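What follows is a single structure, written as structure tokens, with notes after it.
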Amino acid sequence: MDLGMSDRVRPLVEQVRQMVMEEIAPLDLVYEAEVGRHPSGDRFRHTERQLEILSSLKASARARGLWNFWLTDSEKGFGLTTVEYAYLAEEMGKVGIAAEIFNCNAPDTGNMEVLERYGTEAQKARWLPDLLDGVTRSAYLMTEPDIASSDATQISLSAARDGDAYVLNGEKHWASGAGDPRCALYIVMTCTDPQGEKHARHTMMLVPADADGIEVLRPMHVYHTDDAPHGHMHIRFTDVRVPAADVVLGEGRGFEVAQGRLGPGRIHHCMRAIGQAEYALELMCRRALTREAFGKPLAQLGANHDIIANARMEIEMARLLCLKTAWIMDTQGVRAAQPWISQIKVVAPIMALKVVDEAVQMHGASGISQDFPLAAMWTRLRTLRLADGPDAVHRRQVARAELRKYSNQAR
């Protein structure tokens with residue numbers, strides 16, 4: 001099991017790390033401070049300064065060939081393994097806007113992967129070029145307001161067949177990225193056969209964001225913020241017609257597509273969480289060495305040595321588990337990796353939250369202010385414990401896999 005950086009990815013990691021910390025990080029707080037300053041008053045429209053930041057940094061990344069790393073095993077990308085990409089995801093996770101600068105941002109990476117791996121040639125031709133170029137954005141619509149979407153077999157947005165099309169009715173919420181005015185495509189999990197076998201009831205469909213009958217009701221708030229201009233929108237579908245040609249892979253195969261999409265995506269999320277923990281630990285150490293109280297640097301007060309040491313050890317343990325999961329994905333496939341994916345989906349956000357919280361404490365009141373990225377990190381990480389399945393669901397999967405080893409012996 002080789003979990004180290006390959007010779008192929010090592011120089012890419014160095015280049016990405018340097019660009020993230022030296023060029024993107026200084027502009028991240030500037031970008032966030034611009035939210036809501038558009039002359040129209042619309043918080044979901046980018047200001048000229050935000051567009052300038054994004055376009056200049058993206059142009060710089062593309063000029064260096066640092067673009068679309070996520071396309072593992074594809075001739076359109078670098079052909080990296082999941083383990084190799086994991087190291088890059090960690091670096092891009094350190095700063096809020098960094099992943100987008102390299103066109104490696106969620107939910108677009110997962111959506112592009114759906115198109116690349118499951119789409120027809122016509123579907124790819126329509127949607128992939130602009131997404132691969134970073135011109136448009138997309139959203140993934142799965143969660144619904146009236147059901148416990150942690151049990152995805154309950155998803156109920158109706159897609160009724162009508163000739164050569166389907167008619168969609170229902171609501172989705174937490175449509176991440178749907179607030180962005182560049183969002184052109186929704187990938188929507190629908191219910192096409194409510195009475196069918198529970199894993200064959202659902203169908204994934206490609207729906208233009210501006211299709212007739214789509215109404216964006218509101219942005220969902222994340223810890224009292226609307227997360228503009230990205231947004232997590234509550235959306236209503238009323239008699240939205242979707243041609244049958246826009247079904248992904250086939251009717252009743254929505255779960256198959258979802259599992260293929262969410263497996264790699266969860267690994268990416270967890271490695272980005274580890275990147276945030278690394279950055280938080282760096283900020284904590286710098287603060288501990290430069291800030292004084294009671295006549296001593298903070299590093300020499302209280303249990304701060306233990307706090308810093310524990311953070312380092314816990315980051316290392318979580319990283320190794322994530323890399324092992326990525327290795328299993330590469331060598332044995334998504335199905336074999338599922339119990340391991342569930343493990344890291346619990347472990348990585350909890351670990352990162354703990355490290356960020358300690359960093360906040362080391363910074364005092366400044367740690368919860370806009371002067372440091374720690375408060376935004378904490379919010380993203382706490383949300384990650386719910387995104388792509390809450391902790392309890394993943395623990396259930398881990399326990400079931402563990403019990404299965406002994407179930408025959410028990411009989």
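Labeling convention for the structure tokens: chains A, B, ... as they appear, residues from 1 per chain, ligands from 1 in order of appearance.
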Region 100-165 of chain A residues near region 265-283 of chain A within 10 Å, closest pair each, using only C-alpha atoms, as CSV:
```
residue,atom,partner,partner_atom,distance
A:Cys104,CA,A:His268,CA,9.6
A:Asn105,CA,A:His268,CA,9.6
A:Ala106,CA,A:Gly265,CA,8.0
A:Pro107,CA,A:Gly265,CA,8.5
A:Thr109,CA,A:Gly265,CA,7.9
A:Gly110,CA,A:Gly265,CA,6.2
A:Asn111,CA,A:Gly265,CA,9.8
A:Glu113,CA,A:Gly265,CA,9.6
```
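Neighbours of Tyr166 (chain A) closer than or equal to 9 Å, with only C-alpha atoms counted and sequence neighbours fewer than 6 positions away skipped, come out as Ala159, Ala160, Thr192, Val240, Arg241, Val242, Pro243 and Ala244 of chain A.
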Hey, what does DSSP flag as strand (DSSP E) within region 216-408 of chain A? Can you give it to me as an mmCIF file with N, CA and C atoms, in the first residue's frame?
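Saved the output as result_13.cif:
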```cif
data_model
loop_
_atom_site.group_PDB
_atom_site.id
_atom_site.type_symbol
_atom_site.label_atom_id
_atom_site.label_comp_id
_atom_site.auth_asym_id
_atom_site.auth_seq_id
_atom_site.Cartn_x
_atom_site.Cartn_y
_atom_site.Cartn_z
ATOM 1 N N VAL A 216 -36.744 29.644 -7.776
ATOM 2 C CA VAL A 216 -35.859 29.671 -6.617
ATOM 3 C C VAL A 216 -36.581 30.413 -5.498
ATOM 4 N N LEU A 217 -36.917 29.697 -4.433
ATOM 5 C CA LEU A 217 -37.730 30.268 -3.367
ATOM 6 C C LEU A 217 -36.931 31.116 -2.387
ATOM 7 N N ARG A 218 -35.739 30.636 -2.024
ATOM 8 C CA ARG A 218 -34.967 31.351 -1.005
ATOM 9 C C ARG A 218 -33.591 30.692 -0.887
ATOM 10 N N PRO A 219 -32.625 31.437 -0.354
ATOM 11 C CA PRO A 219 -31.368 30.792 0.035
ATOM 12 C C PRO A 219 -31.517 30.207 1.432
ATOM 13 N N HIS A 232 -27.110 28.047 -1.110
ATOM 14 C CA HIS A 232 -27.694 26.706 -1.001
ATOM 15 C C HIS A 232 -29.205 26.913 -1.102
ATOM 16 N N MET A 233 -29.743 26.760 -2.283
ATOM 17 C CA MET A 233 -31.072 27.292 -2.557
ATOM 18 C C MET A 233 -32.198 26.276 -2.354
ATOM 19 N N HIS A 234 -33.348 26.829 -2.010
ATOM 20 C CA HIS A 234 -34.604 26.077 -1.924
ATOM 21 C C HIS A 234 -35.350 26.338 -3.234
ATOM 22 N N ILE A 235 -35.653 25.266 -3.958
ATOM 23 C CA ILE A 235 -36.136 25.392 -5.334
ATOM 24 C C ILE A 235 -37.422 24.589 -5.516
ATOM 25 N N ARG A 236 -38.375 25.183 -6.228
ATOM 26 C CA ARG A 236 -39.637 24.499 -6.540
ATOM 27 C C ARG A 236 -39.710 24.186 -8.034
ATOM 28 N N PHE A 237 -40.136 22.983 -8.359
ATOM 29 C CA PHE A 237 -40.376 22.557 -9.734
ATOM 30 C C PHE A 237 -41.876 22.417 -9.943
ATOM 31 N N THR A 238 -42.397 23.135 -10.934
ATOM 32 C CA THR A 238 -43.822 23.051 -11.254
ATOM 33 C C THR A 238 -43.978 22.735 -12.735
ATOM 34 N N ASP A 239 -44.356 21.499 -13.029
ATOM 35 C CA ASP A 239 -44.570 21.044 -14.415
ATOM 36 C C ASP A 239 -43.361 21.352 -15.300
ATOM 37 N N VAL A 240 -42.187 21.074 -14.802
ATOM 38 C CA VAL A 240 -40.960 21.285 -15.566
ATOM 39 C C VAL A 240 -40.762 20.087 -16.507
ATOM 40 N N ARG A 241 -40.704 20.352 -17.791
ATOM 41 C CA ARG A 241 -40.568 19.277 -18.775
ATOM 42 C C ARG A 241 -39.085 19.020 -19.076
ATOM 43 N N VAL A 242 -38.715 17.752 -18.965
ATOM 44 C CA VAL A 242 -37.341 17.333 -19.230
ATOM 45 C C VAL A 242 -37.362 16.245 -20.301
ATOM 46 N N PRO A 243 -36.726 16.472 -21.446
ATOM 47 C CA PRO A 243 -36.708 15.443 -22.485
ATOM 48 C C PRO A 243 -36.107 14.140 -21.971
ATOM 49 N N GLU A 292 1.726 37.619 23.287
ATOM 50 C CA GLU A 292 2.141 37.452 24.682
ATOM 51 C C GLU A 292 1.006 37.793 25.636
ATOM 52 N N ALA A 293 1.000 37.103 26.752
ATOM 53 C CA ALA A 293 0.084 37.407 27.857
ATOM 54 C C ALA A 293 0.771 37.005 29.155
ATOM 55 N N LYS A 296 4.551 36.213 28.906
ATOM 56 C CA LYS A 296 5.086 35.073 28.171
ATOM 57 C C LYS A 296 4.357 34.908 26.839
ATOM 58 N N PRO A 297 5.026 34.311 25.844
ATOM 59 C CA PRO A 297 4.301 33.931 24.628
ATOM 60 C C PRO A 297 3.202 32.931 24.988
#
```
Worksheet entry | Who sits within 6 Å of region 381-390 of chain A, only C-alpha atoms, same chain under 2 positions skipped, as a list in words | Ser150, Pro349, Trp378, Thr379, Ala392 and Val393 of chain A
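For Gly260 (chain A), the non-local neighbours within 10 Å, defined as residues at least 4 positions apart in the same chain or in other chains and counting only C-alpha atoms, are Gly110, Glu113, Val114, Arg117, Tyr118, Gly254, Phe255, Glu256, Pro264, Gly265, Gly333, Val334 and Arg335 of chain A.
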Fill in: Picked from region 2-183 of chain A by DSSP as helix (DSSP H, G or I), as an MDAnalysis selection string
chainID A and resid 10:33 48:63 82:92 98:101 108:118 121:132 152:154
Discussion item. Just to confirm, what's the straight-line distance from CA of Glu48 (chain A) to CA of Leu29 (chain A) in Å (one decimal)?
Written reply: 15.5 Å
Worksheet item: Counting only C-alpha atoms, what is within 12 Å of Gln154 (chain A), bar same-chain residues fewer than 4 positions away, as a ChimeraX atom specification?
Response: /A:142-150,158,189-191,193-202,255
Worksheet item: Which polymer residues have any atom within 12 Å of an atom of Cys183 (chain A), counting only C-alpha atoms, with same-chain residues fewer than 3 positions away left out, as a VMD selection string?
Response: chain A and resid 44 to 45 107 to 108 111 127 130 to 131 134 to 140 175 to 180 186 to 187 207 to 210 229 to 233
Restrict the selected residues to C-alpha atoms and save them as a tab-separated table (two decimals), in the first residue's frame.
```tsv
chain	number	residue	atom	x	y	z
A	44	PHE	CA	-25.83	36.72	-5.22
A	45	ARG	CA	-24.29	38.88	-7.92
A	107	PRO	CA	-20.33	20.49	-6.58
A	108	ASP	CA	-18.98	21.02	-10.10
A	111	ASN	CA	-21.29	16.93	-11.61
A	127	TRP	CA	-22.65	20.74	-20.83
A	130	ASP	CA	-18.20	25.30	-20.41
A	131	LEU	CA	-17.89	23.47	-17.08
A	134	GLY	CA	-14.85	27.18	-15.65
A	135	VAL	CA	-17.25	29.43	-17.54
A	136	THR	CA	-20.44	28.02	-16.01
A	137	ARG	CA	-21.31	26.43	-12.68
A	138	SER	CA	-23.72	23.66	-11.73
A	139	ALA	CA	-25.72	22.34	-8.78
A	140	TYR	CA	-26.68	18.89	-7.53
A	175	ALA	CA	-28.98	23.02	-3.72
A	176	SER	CA	-25.37	24.11	-3.20
A	177	GLY	CA	-24.05	26.48	-5.83
A	178	ALA	CA	-27.50	27.22	-7.24
A	179	GLY	CA	-27.33	30.80	-5.98
A	180	ASP	CA	-24.40	31.59	-8.26
A	186	TYR	CA	-29.02	21.25	-12.26
A	187	ILE	CA	-28.42	17.52	-11.90
A	207	VAL	CA	-32.15	20.15	-16.16
A	208	PRO	CA	-31.21	23.64	-17.40
A	209	ALA	CA	-31.30	26.08	-14.49
A	210	ASP	CA	-33.45	28.46	-16.53
A	229	PRO	CA	-22.71	34.32	-3.83
A	230	HIS	CA	-22.49	30.49	-3.81
A	231	GLY	CA	-25.74	29.81	-2.01
A	232	HIS	CA	-27.69	26.71	-1.00
A	233	MET	CA	-31.07	27.29	-2.56
```
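You will find CA of Gly367 (chain A) at 21.2 Å from CA of Glu22 (chain A).
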Worksheet item: What lies within 7 Å of Thr72 (chain A) using only C-alpha atoms, ignoring chain neighbours under 5 positions off, as a PyMOL selection string?
Response: chain A and resi 77-82
